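> Input file: query.pdb. Contents: PDB, C-alpha atoms.
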ATOM      1  CA  MET A   1       0.000   0.000   0.000
ATOM      2  CA  HIS A   2       1.384   3.381  -0.976
ATOM      3  CA  LEU A   3       0.499   6.524   0.924
ATOM      4  CA  ASN A   4       0.345   9.494  -1.358
ATOM      5  CA  PRO A   5       2.057  12.675  -0.118
ATOM      6  CA  TYR A   6      -1.151  13.967   1.427
ATOM      7  CA  GLY A   7      -2.291  10.856   3.231
ATOM      8  CA  GLU A   8      -5.360  10.897   1.019
ATOM      9  CA  TYR A   9      -5.713   7.120   0.771
ATOM     10  CA  ALA A  10      -5.796   6.620   4.516
ATOM     11  CA  VAL A  11      -8.247   9.386   5.403
ATOM     12  CA  LEU A  12     -10.571   8.348   2.583
ATOM     13  CA  LEU A  13     -10.446   4.750   3.839
ATOM     14  CA  ALA A  14     -11.149   5.827   7.412
ATOM     15  CA  ALA A  15     -13.989   8.115   6.304
ATOM     16  CA  SER A  16     -15.438   5.352   4.150
ATOM     17  CA  LEU A  17     -15.429   2.926   7.068
ATOM     18  CA  ALA A  18     -16.862   5.559   9.432
ATOM     19  CA  ASN A  19     -19.604   6.617   7.023
ATOM     20  CA  ASP A  20     -20.621   3.127   5.924
ATOM     21  CA  TRP A  21     -19.544   0.587   8.530
ATOM     22  CA  PRO A  22     -19.262  -2.919   7.041
ATOM     23  CA  VAL A  23     -21.372  -5.629   8.635
ATOM     24  CA  ASP A  24     -18.453  -8.026   9.065
ATOM     25  CA  ARG A  25     -14.712  -8.524   8.739
ATOM     26  CA  ALA A  26     -15.033  -9.565   5.100
ATOM     27  CA  GLY A  27     -16.672  -6.205   4.393
ATOM     28  CA  ILE A  28     -13.779  -4.345   6.018
ATOM     29  CA  GLU A  29     -11.245  -6.315   4.012
ATOM     30  CA  ALA A  30     -13.199  -5.759   0.786
ATOM     31  CA  ARG A  31     -13.256  -1.996   1.457
ATOM     32  CA  THR A  32      -9.528  -1.848   2.130
ATOM     33  CA  LEU A  33      -8.834  -3.717  -1.100
ATOM     34  CA  GLU A  34     -11.296  -1.564  -3.035
ATOM     35  CA  LEU A  35      -9.574   1.602  -1.849
ATOM     36  CA  GLY A  36      -6.084   0.423  -2.739
ATOM     37  CA  MET A  37      -4.617  -1.663   0.063
ATOM     38  CA  THR A  38      -3.039  -4.823  -1.317
ATOM     39  CA  GLN A  39      -2.173  -6.665   1.873
ATOM     40  CA  THR A  40      -4.565  -9.087   3.481
ATOM     41  CA  PHE A  41      -4.210 -10.460   6.980
ATOM     42  CA  PRO A  42      -5.021 -13.737   8.683
ATOM     43  CA  PRO A  43      -8.489 -13.445  10.219
ATOM     44  CA  ALA A  44      -8.898 -13.116  13.962
ATOM     45  CA  ALA A  45     -12.223 -13.644  15.694
ATOM     46  CA  ASP A  46     -12.300 -10.080  17.047
ATOM     47  CA  ASP A  47     -11.098  -8.163  13.962
ATOM     48  CA  HIS A  48     -14.494  -6.560  13.259
ATOM     49  CA  GLU A  49     -14.832  -5.232  16.809
ATOM     50  CA  ARG A  50     -11.186  -4.125  17.063
ATOM     51  CA  VAL A  51     -11.295  -2.227  13.758
ATOM     52  CA  ARG A  52     -14.486  -0.527  15.008
ATOM     53  CA  VAL A  53     -12.464   0.689  18.014
ATOM     54  CA  VAL A  54      -9.792   2.041  15.628
ATOM     55  CA  ILE A  55     -12.441   3.963  13.682
ATOM     56  CA  ASP A  56     -14.158   5.257  16.829
ATOM     57  CA  GLU A  57     -10.813   6.514  18.170
ATOM     58  CA  TRP A  58     -10.138   8.144  14.780
ATOM     59  CA  LEU A  59     -13.544   9.840  14.984
ATOM     60  CA  SER A  60     -12.403  11.545  18.196
ATOM     61  CA  ILE A  61      -9.794  13.294  16.019
ATOM     62  CA  VAL A  62     -12.426  14.238  13.425
ATOM     63  CA  ASP A  63     -14.665  15.687  16.139
ATOM     64  CA  GLU A  64     -11.950  17.664  17.935
ATOM     65  CA  PRO A  65     -12.207  21.314  16.794
ATOM     66  CA  ASP A  66      -9.078  22.579  18.559
ATOM     67  CA  PRO A  67      -5.939  22.024  16.421
ATOM     68  CA  ASP A  68      -3.679  21.536  19.459
ATOM     69  CA  ALA A  69      -6.002  18.986  21.036
ATOM     70  CA  ARG A  70      -6.487  17.319  17.646
ATOM     71  CA  ALA A  71      -2.715  16.994  17.283
ATOM     72  CA  ALA A  72      -2.396  15.553  20.803
ATOM     73  CA  LEU A  73      -5.037  12.902  20.062
ATOM     74  CA  LEU A  74      -3.368  12.024  16.789
ATOM     75  CA  ASN A  75       0.082  11.888  18.391
ATOM     76  CA  ALA A  76      -1.254   9.409  20.960
ATOM     77  CA  GLN A  77      -2.615   7.212  18.175
ATOM     78  CA  LEU A  78       0.670   7.422  16.272
ATOM     79  CA  ALA A  79       2.595   6.425  19.399
ATOM     80  CA  ALA A  80       0.377   3.363  19.804
ATOM     81  CA  ALA A  81       0.845   2.146  16.248
ATOM     82  CA  ALA A  82       3.773   3.680  14.434
ATOM     83  CA  ALA A  83       7.358   2.482  14.431
ATOM     84  CA  TYR A  84      10.520   3.585  12.727
ATOM     85  CA  PRO A  85      10.206   3.727   8.926
ATOM     86  CA  ARG A  86      11.407   0.659   7.057
ATOM     87  CA  LEU A  87      11.762  -0.323   3.420
ATOM     88  CA  THR A  88       9.588  -3.212   2.297
ATOM     89  CA  ASN A  89       8.690  -4.950  -0.936
ATOM     90  CA  HIS A  90       5.568  -7.092  -0.717
ATOM     91  CA  ASP A  91       2.706  -8.066  -3.010
ATOM     92  CA  ASP A  92       4.572  -6.869  -6.132
ATOM     93  CA  GLU A  93       4.126  -3.245  -5.071
ATOM     94  CA  GLY A  94       7.789  -2.360  -5.414
ATOM     95  CA  TRP A  95       9.931  -0.896  -2.691
ATOM     96  CA  HIS A  96       8.126   1.498  -0.382
ATOM     97  CA  LEU A  97       8.084   2.607   3.250
ATOM     98  CA  HIS A  98       6.113   1.144   6.119
ATOM     99  CA  TYR A  99       5.813   3.158   9.302
ATOM    100  CA  ARG A 100       4.798   0.240  11.472
ATOM    101  CA  ASP A 101       6.062  -3.057  12.738
ATOM    102  CA  ASP A 102       5.323  -6.116  10.632
ATOM    103  CA  VAL A 103       2.417  -7.372  12.717
ATOM    104  CA  PRO A 104      -0.010  -9.517  10.696
ATOM    105  CA  SER A 105      -3.125  -7.990  12.259
ATOM    106  CA  MET A 106      -5.793  -6.060  10.385
ATOM    107  CA  PRO A 107      -6.683  -3.753  13.328
ATOM    108  CA  TYR A 108      -3.022  -3.018  14.081
ATOM    109  CA  VAL A 109      -2.158  -2.223  10.474
ATOM    110  CA  LEU A 110      -5.265  -0.091   9.935
ATOM    111  CA  ARG A 111      -4.503   1.902  13.104
ATOM    112  CA  ALA A 112      -0.983   2.589  11.821
ATOM    113  CA  VAL A 113      -2.024   3.381   8.248
ATOM    114  CA  ILE A 114      -4.940   5.593   9.274
ATOM    115  CA  SER A 115      -3.071   7.518  11.979
ATOM    116  CA  LEU A 116      -0.030   8.136   9.765
ATOM    117  CA  GLY A 117      -2.148   9.002   6.727
ATOM    118  CA  THR A 118      -4.299  11.344   8.792
ATOM    119  CA  SER A 119      -1.248  13.115  10.165
ATOM    120  CA  LEU A 120       0.167  13.549   6.643
ATOM    121  CA  HIS A 121      -3.218  14.789   5.426
ATOM    122  CA  LEU A 122      -3.581  17.356   8.204
ATOM    123  CA  VAL A 123      -0.039  18.741   8.114
ATOM    124  CA  THR A 124       0.072  19.043   4.322
ATOM    125  CA  ARG A 125      -3.498  20.144   3.617
ATOM    126  CA  GLY A 126      -4.429  21.864   6.880
ATOM    127  CA  MET A 127      -5.564  20.949  10.366
ATOM    128  CA  SER A 128      -9.160  21.805   9.498
ATOM    129  CA  ARG A 129      -9.411  19.296   6.620
ATOM    130  CA  LEU A 130     -11.398  16.728   8.636
ATOM    131  CA  SER A 131     -14.917  17.531   9.752
ATOM    132  CA  ARG A 132     -18.523  16.404   9.827
ATOM    133  CA  CYS A 133     -20.974  16.938   6.991
ATOM    134  CA  GLN A 134     -22.756  20.298   7.153
ATOM    135  CA  ALA A 135     -26.005  18.970   5.675
ATOM    136  CA  ALA A 136     -27.981  18.366   8.845
ATOM    137  CA  PRO A 137     -29.056  15.871  10.002
ATOM    138  CA  CYS A 138     -26.180  14.014   8.322
ATOM    139  CA  THR A 139     -23.151  13.396  10.531
ATOM    140  CA  GLY A 140     -20.936  11.772   7.891
ATOM    141  CA  VAL A 141     -17.202  12.432   7.901
ATOM    142  CA  VAL A 142     -15.776  14.865   5.368
ATOM    143  CA  ALA A 143     -12.144  14.177   4.491
ATOM    144  CA  ASP A 144     -11.459  17.287   2.434
ATOM    145  CA  VAL A 145      -9.108  16.407  -0.407
ATOM    146  CA  THR A 146     -10.132  19.296  -2.658
ATOM    147  CA  ARG A 147      -7.601  21.761  -3.988
ATOM    148  CA  ASN A 148      -9.297  24.791  -2.468
ATOM    149  CA  GLY A 149     -10.123  23.255   0.917
ATOM    150  CA  ARG A 150     -13.807  24.086   0.824
ATOM    151  CA  GLN A 151     -15.447  20.667   0.931
ATOM    152  CA  ARG A 152     -18.324  20.842   3.416
ATOM    153  CA  PHE A 153     -20.404  17.810   2.530
ATOM    154  CA  CYS A 154     -19.730  14.088   2.698
ATOM    155  CA  SER A 155     -21.417  13.367  -0.638
ATOM    156  CA  VAL A 156     -22.973  14.946  -3.699
ATOM    157  CA  ARG A 157     -26.348  13.908  -2.307
ATOM    158  CA  CYS A 158     -25.802  15.940   0.867
ATOM    159  CA  ALA A 159     -24.484  18.922  -1.109
ATOM    160  CA  ASN A 160     -27.580  18.845  -3.318
ATOM    161  CA  ARG A 161     -29.870  18.505  -0.313
ATOM    162  CA  ALA A 162     -28.262  21.570   1.302
ATOM    163  CA  ALA A 163     -28.550  23.552  -1.954
ATOM    164  CA  VAL A 164     -32.255  22.724  -2.189
ATOM    165  CA  ARG A 165     -32.752  23.836   1.426
ATOM    166  CA  ARG A 166     -30.944  27.126   0.756
ATOM    167  CA  HIS A 167     -33.014  27.669  -2.394
ATOM    168  CA  ARG A 168     -36.305  26.979  -0.600
ATOM    169  CA  ALA A 169     -35.314  29.280   2.245
ATOM    170  CA  ARG A 170     -34.859  32.158  -0.220
ATOM    171  CA  ILE A 171     -38.297  31.635  -1.766
TER     172      ILE A 171
END
Can you turn what I pasted into structure tokens?

Amino acid sequence: MHLNPYGEYAVLLAASLANDWPVDRAGIEARTLELGMTQTFPPAADDHERVRVVIDEWLSIVDEPDPDARAALLNAQLAAAAAYPRLTNHDDEGWHLHYRDDVPSMPYVLRAVISLGTSLHLVTRGMSRLSRCQAAPCTGVVADVTRNGRQRFCSVRCANRAAVRRHRARI
């Protein structure tokens, strides 16, 4: 799995899992593969529940409005999962860096990938680039990967719904 310079892959994966939680472990694995992760991991009986904990802890970062507190939460997650960078070449991906120990555990790897990717996303794009959808009552996660940094909605559907509400309010 390659992290792009902005951590886009990881925050989009985390947002996807948060916004549409899979019903089982197979659903989590399918989502990770769909969004670009090539590694698979031996199943453990508690993977589904443990990945849910990873996502819930990540949501505490999304919901923290204060940049300093957001950074502290993210640093704690990085400390729990990240390790020194190491070169690796697996699954015919070519040589690339991993920022975690080689632990064959889906929850462990997702915690490392998501926390590192989120930190790259926030420091390169801006600390405000994670939020909740502004189309009430939706509470979906918005991982803003736009060039101008103005993404406010989690989906086109929510953006359209908000535009219709604004239009009706003017009438």
> Quick one: distance from CA of Ile55 in chain A to CA of Leu17 in chain A in Å, one decimal?
7.3 Å
> Can you report as JSON the centre and edge lengths in Å, to one decimal, of an axis-aligned box around the listed atoms of range 33-36 of chain A padded with 5 Å on each side?

{"center_x": -8.7, "center_y": -1.1, "center_z": -2.1, "size_x": 15.2, "size_y": 15.3, "size_z": 11.9}
> Given all atoms listed in the file as the basis, pick out the residue of A:Pro43, A:Ala15, A:Glu93, A:Leu110 nearest to Cys133 in chain A.
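Closest candidate: A:Ala15.
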> Got a sec to resolve the PyMOL selection byres ((chain A and resi 147-161) around 8) on this structure and send the residues as a ChimeraX atom specification?
/A:125,129,131-135,138,140-146,162-165
> Which one of A:Ser115, A:Ser105, A:Ser16, A:Ser128 sits closest to Ala79 in chain A if you count all atoms listed in the file?
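For Ala79 in chain A, the nearest of the candidates is A:Ser115.
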> Interatomic distance between CA of Pro85 in chain A and CA of Leu97 in chain A?
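It comes out at 6.2 Å.
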> Skip Gln77 in chain A itself and residues of its chain fewer than 3 positions away, then list as a list in words all residues within 10 Å of it, counting only C-alpha atoms.
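Using only C-alpha atoms, the neighbours found are Val54, Glu57, Trp58, Ile61, Ala71, Ala72, Leu73, Leu74, Ala80, Ala81, Ala82, Arg111, Ala112, Ile114, Ser115 and Leu116 of chain A.
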> Please indicate the distance in Å from CA of Leu35 in chain A to CA of Tyr9 in chain A, rounded to one decimal place.
7.2 Å
> Considering all atoms listed in the file, can you say which of A:Pro107, A:Pro137, A:Gly117, A:Pro67 comes closest to Ile28 in chain A?
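For Ile28 in chain A, the nearest of the candidates is A:Pro107.
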> I need the residue nearest Tyr108 in chain A from this list: A:Leu59, A:Ala136, A:Leu12, A:Val53. Use only C-alpha atoms for the distance.
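Checking each of A:Leu59, A:Ala136, A:Leu12, A:Val53 against Tyr108 in chain A, counting only C-alpha atoms, the winner is A:Val53.
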> Here is a test: counting all atoms listed in the file, which residue of A:Thr88, A:Thr38, A:Ala83, A:Ala14 is nearest to Arg52 in chain A?
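That would be A:Ala14, the residue with the smallest distance to Arg52 in chain A.
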> Assuming the chain letters and numbering stay as they are in my file, what does the PyMOL selection byres ((chain A and resi 41) around 10) actually select? List them as a ChimeraX atom specification.
/A:29,39-40,42-44,103-107,109
> Those residues with C-alpha atoms, as a PDB file, in the frame of the given file please?

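Result file part25.pdb:
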ATOM      1  CA  GLU A  29     -11.245  -6.315   4.012  1.00  0.00           C
ATOM      2  CA  GLN A  39      -2.173  -6.665   1.873  1.00  0.00           C
ATOM      3  CA  THR A  40      -4.565  -9.087   3.481  1.00  0.00           C
ATOM      4  CA  PRO A  42      -5.021 -13.737   8.683  1.00  0.00           C
ATOM      5  CA  PRO A  43      -8.489 -13.445  10.219  1.00  0.00           C
ATOM      6  CA  ALA A  44      -8.898 -13.116  13.962  1.00  0.00           C
ATOM      7  CA  VAL A 103       2.417  -7.372  12.717  1.00  0.00           C
ATOM      8  CA  PRO A 104      -0.010  -9.517  10.696  1.00  0.00           C
ATOM      9  CA  SER A 105      -3.125  -7.990  12.259  1.00  0.00           C
ATOM     10  CA  MET A 106      -5.793  -6.060  10.385  1.00  0.00           C
ATOM     11  CA  PRO A 107      -6.683  -3.753  13.328  1.00  0.00           C
ATOM     12  CA  VAL A 109      -2.158  -2.223  10.474  1.00  0.00           C
TER      13      VAL A 109
END
> With all atoms listed in the file as the counted atoms, please give the residues lying no more than 10 Å from Arg25 in chain A, apart from itself and same-chain residues fewer than 5 positions off, as a list in words.
Ala30, Arg31, Pro43, Ala44, Ala45, Asp46, Asp47, His48, Glu49, Val51 and Met106 of chain A
> Of the residues A:Leu78, A:Ala18, A:Met37, A:Ile171, which is the one nearest to Leu120 in chain A, using all atoms listed in the file?
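Among A:Leu78, A:Ala18, A:Met37, A:Ile171, it is A:Leu78 that comes nearest to Leu120 in chain A.
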